[in-house]
$ cat target16.cif   # mmCIF, C-alpha atoms and all ligand atoms
data_protein
#
loop_
_atom_site.label_atom_id
_atom_site.label_comp_id
_atom_site.auth_asym_id
_atom_site.auth_seq_id
_atom_site.Cartn_x
_atom_site.Cartn_y
_atom_site.Cartn_z
CA MET A 1 37.00 33.50 -46.47
CA LYS A 2 37.99 31.52 -43.38
CA LYS A 3 35.41 33.45 -41.29
CA LEU A 4 32.69 32.72 -43.87
CA VAL A 5 33.43 29.00 -43.72
CA ILE A 6 33.26 29.03 -39.89
CA LEU A 7 29.97 31.00 -39.96
CA LEU A 8 28.43 28.62 -42.49
CA GLY A 9 29.58 25.67 -40.39
CA ILE A 10 27.99 27.11 -37.21
CA ASN A 11 24.73 27.87 -39.07
CA PHE A 12 24.65 24.34 -40.47
CA LEU A 13 25.12 22.89 -36.97
CA LEU A 14 22.39 25.13 -35.50
CA LEU A 15 19.95 24.30 -38.27
CA SER A 16 20.60 20.56 -38.15
CA ASN A 17 20.16 20.71 -34.36
CA ILE A 18 16.83 22.53 -34.67
CA PHE A 19 15.58 20.06 -37.28
CA SER A 20 16.71 17.01 -35.29
CA GLN A 21 14.87 18.36 -32.19
CA LYS A 22 11.69 18.37 -34.25
CA GLU A 23 12.11 14.70 -35.12
CA PRO A 24 9.89 12.33 -33.06
CA LYS A 25 13.01 10.23 -32.49
CA ALA A 26 14.64 13.09 -30.56
CA THR A 27 12.38 12.41 -27.57
CA GLU A 28 12.31 8.61 -27.69
CA VAL A 29 13.99 6.92 -24.71
CA TRP A 30 15.26 3.40 -25.44
CA SER A 31 17.47 2.84 -22.44
CA PRO A 32 17.04 1.91 -19.67
CA GLU A 33 14.30 -0.61 -20.43
CA SER A 34 11.44 -1.61 -18.14
CA ARG A 35 11.98 -4.97 -16.46
CA VAL A 36 9.55 -7.68 -17.56
CA VAL A 37 6.97 -8.71 -14.94
CA THR A 38 4.38 -11.34 -15.80
CA PRO A 39 0.99 -10.05 -14.65
CA ALA A 40 -1.32 -12.05 -12.43
CA LYS A 41 -3.56 -14.74 -13.89
CA ASN A 42 -6.72 -15.82 -12.14
CA ASN A 43 -6.01 -13.56 -9.19
CA ALA A 44 -2.52 -14.99 -8.63
CA PRO A 45 0.39 -12.68 -7.68
CA PRO A 46 2.54 -11.17 -10.45
CA SER A 47 5.88 -12.84 -11.13
CA ASP A 48 8.04 -10.53 -8.99
CA ALA A 49 5.76 -10.46 -5.92
CA ILE A 50 6.74 -11.67 -2.46
CA VAL A 51 3.88 -13.89 -1.32
CA LEU A 52 3.03 -13.22 2.32
CA PHE A 53 0.07 -15.57 2.56
CA ASP A 54 -1.14 -18.13 0.03
CA GLY A 55 -3.82 -19.70 2.20
CA LYS A 56 -1.68 -22.53 3.56
CA ASN A 57 0.22 -21.36 6.65
CA LEU A 58 1.47 -18.39 8.67
CA GLY A 59 5.12 -19.06 7.87
CA GLU A 60 5.71 -15.43 6.89
CA TRP A 61 4.12 -14.09 10.10
CA THR A 62 4.83 -13.87 13.83
CA SER A 63 3.13 -12.48 16.90
CA MET A 64 4.21 -8.99 17.97
CA ASN A 65 6.83 -10.45 20.32
CA ASN A 66 8.25 -12.69 17.59
CA ALA A 67 6.50 -15.84 18.84
CA LYS A 68 4.34 -18.07 16.67
CA ALA A 69 1.41 -16.30 15.03
CA GLU A 70 -1.73 -17.93 16.42
CA TRP A 71 -4.48 -16.83 14.09
CA LYS A 72 -6.62 -19.59 12.61
CA VAL A 73 -5.77 -20.92 9.15
CA ALA A 74 -8.55 -22.79 7.33
CA ASP A 75 -10.35 -22.74 3.99
CA ASP A 76 -7.46 -20.90 2.30
CA CYS A 77 -7.66 -17.92 4.63
CA MET A 78 -6.41 -16.72 7.99
CA THR A 79 -8.77 -15.37 10.63
CA VAL A 80 -8.23 -13.21 13.70
CA VAL A 81 -8.50 -15.20 16.92
CA LYS A 82 -9.70 -12.77 19.56
CA GLY A 83 -7.03 -12.14 22.19
CA LYS A 84 -4.15 -13.68 20.21
CA GLY A 85 -3.04 -10.19 19.29
CA ASN A 86 -1.80 -8.48 16.17
CA ILE A 87 0.47 -10.36 13.81
CA LYS A 88 3.33 -8.98 11.73
CA THR A 89 5.37 -10.03 8.74
CA LYS A 90 8.81 -11.51 9.38
CA LYS A 91 10.12 -9.46 6.48
CA GLU A 92 10.47 -5.72 6.77
CA PHE A 93 9.59 -3.27 4.01
CA GLY A 94 9.97 0.30 2.80
CA ASP A 95 8.12 1.44 -0.35
CA ILE A 96 5.68 -1.22 -1.50
CA GLN A 97 2.70 -2.20 -3.57
CA LEU A 98 0.50 -4.41 -1.40
CA HIS A 99 -2.42 -6.60 -2.42
CA ILE A 100 -4.56 -7.99 0.38
CA GLU A 101 -8.03 -9.49 0.50
CA TRP A 102 -10.24 -9.31 3.57
CA ARG A 103 -13.65 -10.41 4.73
CA THR A 104 -15.70 -9.26 7.68
CA PRO A 105 -17.96 -11.79 9.45
CA ALA A 106 -21.11 -12.88 7.59
CA VAL A 107 -22.98 -12.88 10.88
CA VAL A 108 -23.20 -9.22 11.81
CA GLU A 109 -22.46 -8.41 15.42
CA GLY A 110 -21.93 -5.02 16.97
CA LYS A 111 -22.04 -1.63 15.30
CA GLY A 112 -19.80 1.30 14.42
CA GLN A 113 -16.17 0.51 15.20
CA GLY A 114 -17.20 -2.78 16.84
CA ARG A 115 -18.35 -4.44 13.62
CA GLY A 116 -15.70 -6.34 11.64
CA ASN A 117 -12.83 -4.15 12.78
CA SER A 118 -9.24 -4.97 11.88
CA GLY A 119 -6.56 -3.02 10.04
CA VAL A 120 -3.51 -3.09 7.83
CA PHE A 121 -0.57 -1.20 9.33
CA LEU A 122 2.19 -0.14 6.94
CA GLN A 123 5.62 -0.14 8.55
CA GLU A 124 3.97 -1.10 11.88
CA ARG A 125 2.68 2.46 12.28
CA TYR A 126 0.24 3.70 9.66
CA GLU A 127 -3.19 2.08 9.57
CA VAL A 128 -5.47 1.62 6.61
CA GLN A 129 -8.69 0.75 8.39
CA VAL A 130 -10.49 -2.53 7.82
CA LEU A 131 -14.10 -2.34 8.98
CA ASP A 132 -17.55 -3.53 7.97
CA ASN A 133 -19.02 -0.25 6.75
CA TYR A 134 -21.75 -1.76 4.65
CA LYS A 135 -24.72 0.20 5.98
CA ASN A 136 -22.82 0.68 9.22
CA LYS A 137 -22.12 4.27 10.16
CA THR A 138 -19.09 5.40 12.09
CA TYR A 139 -16.93 8.53 12.10
CA SER A 140 -15.84 9.18 8.50
CA ASN A 141 -12.12 9.27 9.23
CA GLY A 142 -12.36 5.87 10.89
CA GLN A 143 -14.33 3.92 8.29
CA ALA A 144 -13.05 1.24 5.90
CA GLY A 145 -10.52 2.70 3.49
CA SER A 146 -9.61 5.57 5.79
CA VAL A 147 -6.08 6.30 6.83
CA TYR A 148 -7.29 6.02 10.39
CA LYS A 149 -8.05 9.41 11.97
CA GLN A 150 -6.17 11.16 9.14
CA HIS A 151 -7.89 10.81 5.78
CA ILE A 152 -11.54 10.10 4.97
CA PRO A 153 -11.94 7.69 2.02
CA LEU A 154 -13.14 9.44 -1.16
CA VAL A 155 -16.09 7.04 -1.36
CA ASN A 156 -17.50 4.08 0.57
CA ALA A 157 -16.74 1.09 -1.69
CA CYS A 158 -17.63 -1.61 0.86
CA LYS A 159 -19.12 -4.93 -0.09
CA GLY A 160 -21.46 -6.65 2.34
CA PRO A 161 -20.59 -8.73 5.41
CA GLY A 162 -19.15 -12.14 4.52
CA GLU A 163 -17.98 -11.01 1.05
CA TRP A 164 -14.33 -10.93 0.04
CA GLN A 165 -12.96 -7.45 -0.57
CA THR A 166 -9.63 -6.20 -1.90
CA TYR A 167 -7.20 -3.50 -1.02
CA ASP A 168 -4.47 -2.53 -3.44
CA ILE A 169 -2.18 -0.16 -1.61
CA ILE A 170 0.71 1.90 -2.93
CA TYR A 171 2.88 3.03 -0.06
CA THR A 172 5.82 5.42 -0.02
CA ALA A 173 7.80 5.32 3.21
CA PRO A 174 8.71 8.51 5.08
CA LYS A 175 12.31 9.70 5.14
CA PHE A 176 14.20 10.96 8.16
CA ASN A 177 17.56 12.70 8.25
CA LYS A 178 20.47 11.60 10.44
CA ASP A 179 19.15 13.76 13.30
CA GLY A 180 15.85 11.87 13.25
CA ILE A 181 13.90 14.75 11.73
CA LYS A 182 11.27 13.80 9.15
CA VAL A 183 12.23 15.35 5.81
CA SER A 184 9.63 13.61 3.66
CA SER A 185 6.24 12.20 4.67
CA ALA A 186 4.81 8.79 3.91
CA PHE A 187 2.18 8.71 1.15
CA LEU A 188 -0.67 6.29 0.58
CA THR A 189 -2.82 5.40 -2.37
CA VAL A 190 -5.59 2.88 -1.66
CA ILE A 191 -7.85 1.13 -4.15
CA HIS A 192 -10.77 -0.65 -2.47
CA ASN A 193 -12.57 -3.26 -4.58
CA GLY A 194 -11.17 -1.58 -7.68
CA VAL A 195 -12.29 1.88 -6.57
CA LEU A 196 -9.85 4.65 -5.65
CA VAL A 197 -10.43 5.71 -2.05
CA GLN A 198 -7.10 7.39 -1.16
CA ASN A 199 -5.22 9.30 -3.86
CA HIS A 200 -1.60 9.76 -2.84
CA VAL A 201 -2.47 11.27 0.54
CA GLU A 202 0.20 12.52 2.92
CA VAL A 203 0.46 10.52 6.13
CA LYS A 204 0.75 12.92 9.04
CA GLY A 205 2.51 10.44 11.33
CA THR A 206 1.80 7.33 13.39
CA THR A 207 -1.79 6.17 13.70
CA VAL A 208 -3.12 6.96 17.16
CA ASN A 209 -6.63 6.73 18.54
CA VAL A 210 -6.11 9.57 21.01
CA GLY A 211 -4.01 12.65 20.40
CA GLN A 212 -1.80 13.74 17.54
CA PRO A 213 0.25 11.55 15.18
CA LYS A 214 3.93 11.35 16.04
CA ASN A 215 6.93 11.26 13.74
CA ILE A 216 9.71 9.20 15.27
CA ALA A 217 12.47 8.09 12.91
CA HIS A 218 12.38 4.51 11.70
CA GLY A 219 13.69 2.35 8.91
CA LYS A 220 12.17 -0.65 7.15
CA ALA A 221 9.45 -2.31 9.21
CA SER A 222 6.85 -5.07 9.11
CA ILE A 223 3.28 -5.04 7.89
CA ILE A 224 0.91 -5.61 10.82
CA LEU A 225 -2.60 -7.04 10.74
CA GLN A 226 -4.76 -5.98 13.65
CA ASP A 227 -6.60 -8.11 16.17
CA HIS A 228 -9.48 -5.83 17.13
CA SER A 229 -11.40 -8.74 18.71
CA ASN A 230 -13.53 -9.36 15.60
CA PRO A 231 -13.04 -12.54 13.49
CA VAL A 232 -11.96 -10.79 10.27
CA SER A 233 -10.33 -13.02 7.64
CA TYR A 234 -7.51 -12.39 5.16
CA ARG A 235 -6.26 -14.19 2.06
CA ASN A 236 -4.09 -13.77 -1.04
CA ILE A 237 -1.56 -11.34 0.44
CA TRP A 238 1.39 -10.29 -1.67
CA VAL A 239 3.75 -7.42 -1.88
CA ARG A 240 6.06 -5.89 -4.49
CA GLU A 241 9.00 -3.86 -3.26
CA LEU A 242 9.26 -0.59 -5.16
MG MG A 301 -8.75 -1.06 12.93
#
$ encode --input "target16.cif" --output "structure tokens"
Amino acid sequence: MKKLVILLGINFLLLSNIFSQKEPKATEVWSPESRVVTPAKNNAPPSDAIVLFDGKNLGEWTSMNNAKAEWKVADDCMTVVKGKGNIKTKKEFGDIQLHIEWRTPAVVEGKGQGRGNSGVFLQERYEVQVLDNYKNKTYSNGQAGSVYKQHIPLVNACKGPGEWQTYDIIYTAPKFNKDGIKVSSAFLTVIHNGVLVQNHVEVKGTTVNVGQPKNIAHGKASIILQDHSNPVSYRNIWVREL
């Protein structure tokens, strides 16, 4: 009798378990909850973004040797001043979502890599190319939207010279172990003017123009904008730490 009661009890538990697993509620997750972020209105940053440039000043930026950033600020944008060098953010970042708007000169000068060249470097090392590739041919792995010399953009989504363009970049930082060996690569997703051009591509190492990418251990680092001698402008730059 005692055994029968135990067996019935076990069967009841098994059956109720099976039935409860078939309930939609069994797979609902209620905790933790997603944090509330107020989305952007009229092209403004979302509520939890760190604003890196709002058109007014270069307070969030320095030169590469930590002196004053000397790019020109006017008309709600900043513009490369040839010879003043790259600029970098004062803050350092790991994994981020980055929004940045850029414009190559309306007056077209030069060709190939010499036409509206600049660049956005994640963690001071990994360049998403900025270039005027509107009817301007260059090597595919060096055009706008490329991870320079590493990944060709899926499509050419360039607007014309003098038009504002957007990059929305999702960046995952590489990981290194305590011996300085890379154990996980950086990854990049890039949306250019609303069009996907890099889909979670693996970054092979530092951006170099000559030779192979290197993988030297690093931690959080700045975002760099490149002075490639062309007066490229930037505006509305914000970042969300992930
Ligand atoms: Mg460049």
$ residues_around --input "target16.cif" --residues "Gly59 of chain A" --least-positions-apart "3" --cutoff "10 Å" --atoms "only C-alpha atoms" --output "JSON, numbers by chain"
{"A": [52, 53, 56, 62, 68, 69, 89, 90]}
$ write_last_selection --input "target16.cif" --atoms "C-alpha atoms" --output "PDB file, in the coordinates of the input"
ATOM      1  CA  LEU A  52       3.030 -13.220   2.320  1.00  0.00           C
ATOM      2  CA  PHE A  53       0.070 -15.570   2.560  1.00  0.00           C
ATOM      3  CA  LYS A  56      -1.680 -22.530   3.560  1.00  0.00           C
ATOM      4  CA  THR A  62       4.830 -13.870  13.830  1.00  0.00           C
ATOM      5  CA  LYS A  68       4.340 -18.070  16.670  1.00  0.00           C
ATOM      6  CA  ALA A  69       1.410 -16.300  15.030  1.00  0.00           C
ATOM      7  CA  THR A  89       5.370 -10.030   8.740  1.00  0.00           C
ATOM      8  CA  LYS A  90       8.810 -11.510   9.380  1.00  0.00           C
TER       9      LYS A  90
END
$ residues_around --input "target16.cif" --residues "Asp227 of chain A" --least-positions-apart "5" --cutoff "10 Å" --atoms "all atoms listed in the file" --output "mmCIF file with C-alpha atoms, keeping the file's coordinate frame"
data_model
loop_
_atom_site.group_PDB
_atom_site.id
_atom_site.type_symbol
_atom_site.label_atom_id
_atom_site.label_comp_id
_atom_site.auth_asym_id
_atom_site.auth_seq_id
_atom_site.Cartn_x
_atom_site.Cartn_y
_atom_site.Cartn_z
ATOM 1 C CA TRP A 71 -4.480 -16.830 14.090
ATOM 2 C CA THR A 79 -8.770 -15.370 10.630
ATOM 3 C CA VAL A 80 -8.230 -13.210 13.700
ATOM 4 C CA VAL A 81 -8.500 -15.200 16.920
ATOM 5 C CA LYS A 82 -9.700 -12.770 19.560
ATOM 6 C CA GLY A 83 -7.030 -12.140 22.190
ATOM 7 C CA LYS A 84 -4.150 -13.680 20.210
ATOM 8 C CA GLY A 85 -3.040 -10.190 19.290
ATOM 9 C CA ASN A 86 -1.800 -8.480 16.170
ATOM 10 C CA ILE A 87 0.470 -10.360 13.810
ATOM 11 C CA ASN A 117 -12.830 -4.150 12.780
ATOM 12 C CA SER A 118 -9.240 -4.970 11.880
ATOM 13 C CA GLY A 119 -6.560 -3.020 10.040
ATOM 14 C CA VAL A 232 -11.960 -10.790 10.270
#
$ closest_atom_pairs --input "target16.cif" --of "chain A" --to "ligand MG 301 (chain A)" --cutoff "10 Å" --atoms "all atoms listed in the file" --output "JSON lines"
{"residue": "A:Gln113", "atom": "CA", "partner": "A:MG301", "partner_atom": "MG", "distance": 7.9}
{"residue": "A:Gly114", "atom": "CA", "partner": "A:MG301", "partner_atom": "MG", "distance": 9.5}
{"residue": "A:Gly116", "atom": "CA", "partner": "A:MG301", "partner_atom": "MG", "distance": 8.8}
{"residue": "A:Asn117", "atom": "CA", "partner": "A:MG301", "partner_atom": "MG", "distance": 5.1}
{"residue": "A:Ser118", "atom": "CA", "partner": "A:MG301", "partner_atom": "MG", "distance": 4.1}
{"residue": "A:Gly119", "atom": "CA", "partner": "A:MG301", "partner_atom": "MG", "distance": 4.1}
{"residue": "A:Val120", "atom": "CA", "partner": "A:MG301", "partner_atom": "MG", "distance": 7.6}
{"residue": "A:Phe121", "atom": "CA", "partner": "A:MG301", "partner_atom": "MG", "distance": 8.9}
{"residue": "A:Glu127", "atom": "CA", "partner": "A:MG301", "partner_atom": "MG", "distance": 7.2}
{"residue": "A:Val128", "atom": "CA", "partner": "A:MG301", "partner_atom": "MG", "distance": 7.6}
{"residue": "A:Gln129", "atom": "CA", "partner": "A:MG301", "partner_atom": "MG", "distance": 4.9}
{"residue": "A:Val130", "atom": "CA", "partner": "A:MG301", "partner_atom": "MG", "distance": 5.6}
{"residue": "A:Leu131", "atom": "CA", "partner": "A:MG301", "partner_atom": "MG", "distance": 6.8}
{"residue": "A:Gly142", "atom": "CA", "partner": "A:MG301", "partner_atom": "MG", "distance": 8.1}
{"residue": "A:Gln143", "atom": "CA", "partner": "A:MG301", "partner_atom": "MG", "distance": 8.8}
{"residue": "A:Ala144", "atom": "CA", "partner": "A:MG301", "partner_atom": "MG", "distance": 8.6}
{"residue": "A:Ser146", "atom": "CA", "partner": "A:MG301", "partner_atom": "MG", "distance": 9.8}
{"residue": "A:Val147", "atom": "CA", "partner": "A:MG301", "partner_atom": "MG", "distance": 9.9}
{"residue": "A:Tyr148", "atom": "CA", "partner": "A:MG301", "partner_atom": "MG", "distance": 7.7}
{"residue": "A:Asn209", "atom": "CA", "partner": "A:MG301", "partner_atom": "MG", "distance": 9.8}
{"residue": "A:Leu225", "atom": "CA", "partner": "A:MG301", "partner_atom": "MG", "distance": 8.9}
{"residue": "A:Gln226", "atom": "CA", "partner": "A:MG301", "partner_atom": "MG", "distance": 6.4}
{"residue": "A:Asp227", "atom": "CA", "partner": "A:MG301", "partner_atom": "MG", "distance": 8.1}
{"residue": "A:His228", "atom": "CA", "partner": "A:MG301", "partner_atom": "MG", "distance": 6.4}
{"residue": "A:Ser229", "atom": "CA", "partner": "A:MG301", "partner_atom": "MG", "distance": 10.0}
{"residue": "A:Asn230", "atom": "CA", "partner": "A:MG301", "partner_atom": "MG", "distance": 9.9}
$ residues_around --input "target16.cif" --residues "segment 153-156 of chain A" --least-positions-apart "2" --cutoff "6 Å" --atoms "only C-alpha atoms" --output "PyMOL selection string"
chain A and resi 145-146+158+197-198
$ write_last_selection --input "target16.cif" --atoms "C-alpha atoms" --output "PDB file, in the coordinates of the input"
ATOM      1  CA  GLY A 145     -10.520   2.700   3.490  1.00  0.00           C
ATOM      2  CA  SER A 146      -9.610   5.570   5.790  1.00  0.00           C
ATOM      3  CA  CYS A 158     -17.630  -1.610   0.860  1.00  0.00           C
ATOM      4  CA  VAL A 197     -10.430   5.710  -2.050  1.00  0.00           C
ATOM      5  CA  GLN A 198      -7.100   7.390  -1.160  1.00  0.00           C
TER       6      GLN A 198
END
$ closest_residue --input "target16.cif" --among "A:His218, A:His192, A:Arg115, A:Lys182" --to "Glu101 of chain A" --atoms "only C-alpha atoms"
A:His192
$ closest_atom_pairs --input "target16.cif" --of "segment 149-242 of chain A" --to "segment 28-50 of chain A" --cutoff "7 Å" --atoms "only C-alpha atoms" --output "tab-separated table"
residue	atom	partner	partner_atom	distance
A:Trp238	CA	A:Ile50	CA	5.6
A:Val239	CA	A:Ile50	CA	5.2
A:Arg240	CA	A:Ala49	CA	4.8
$ atom_distance --input "target16.cif" --atom1 "atom CA of Glu70 of chain A" --atom2 "atom CA of His99 of chain A"
22.0 Å
$ atom_distance --input "target16.cif" --atom1 "atom CA of Asn193 of chain A" --atom2 "atom CA of Ala157 of chain A"
6.7 Å
$ residues_around --input "target16.cif" --residues "Val208 of chain A" --least-positions-apart "5" --cutoff "9 Å" --atoms "only C-alpha atoms" --output "PDB file with C-alpha atoms, in the frame of the given file"
ATOM      1  CA  ARG A 125       2.680   2.460  12.280  1.00  0.00           C
ATOM      2  CA  TYR A 126       0.240   3.700   9.660  1.00  0.00           C
ATOM      3  CA  TYR A 148      -7.290   6.020  10.390  1.00  0.00           C
ATOM      4  CA  LYS A 149      -8.050   9.410  11.970  1.00  0.00           C
ATOM      5  CA  PRO A 213       0.250  11.550  15.180  1.00  0.00           C
ATOM      6  CA  LYS A 214       3.930  11.350  16.040  1.00  0.00           C
TER       7      LYS A 214
END
$ axis_aligned_box --input "target16.cif" --around "segment 192-201 of chain A" --padding-each-side "8 Å" --output "AutoDock Vina command-line options"
--center_x -7.1 --center_y 4.0 --center_z -3.6 --size_x 27.0 --size_y 30.5 --size_z 24.2
$ closest_residue --input "target16.cif" --among "A:Val195, A:Val203, A:Ile170, A:Ala221" --to "Glu92 of chain A" --atoms "all atoms listed in the file"
A:Ala221
$ closest_atom_pairs --input "target16.cif" --of "segment 217-241 of chain A" --to "segment 163-169 of chain A" --cutoff "9 Å" --atoms "only C-alpha atoms" --output "tab-separated table"
residue	atom	partner	partner_atom	distance
A:Ser233	CA	A:Trp164	CA	8.8
A:Tyr234	CA	A:Trp164	CA	8.7
A:Arg235	CA	A:Trp164	CA	8.9
$ atom_distance --input "target16.cif" --atom1 "atom CA of Val201 of chain A" --atom2 "atom CA of Phe176 of chain A"
18.3 Å
$ closest_residue --input "target16.cif" --among "A:Ala67, A:Leu122, A:Ala26, A:Ile223" --to "Thr207 of chain A" --atoms "all atoms listed in the file"
A:Leu122
$ residues_around --input "target16.cif" --residues "Asp75 of chain A" --least-positions-apart "2" --cutoff "8 Å" --atoms "only C-alpha atoms" --output "list in words"
Gly55, Val73 and Cys77 of chain A
$ closest_residue --input "target16.cif" --among "A:Gly194, A:Val183, A:Asn141, A:Asn199" --to "Asn215 of chain A" --atoms "all atoms listed in the file"
A:Val183
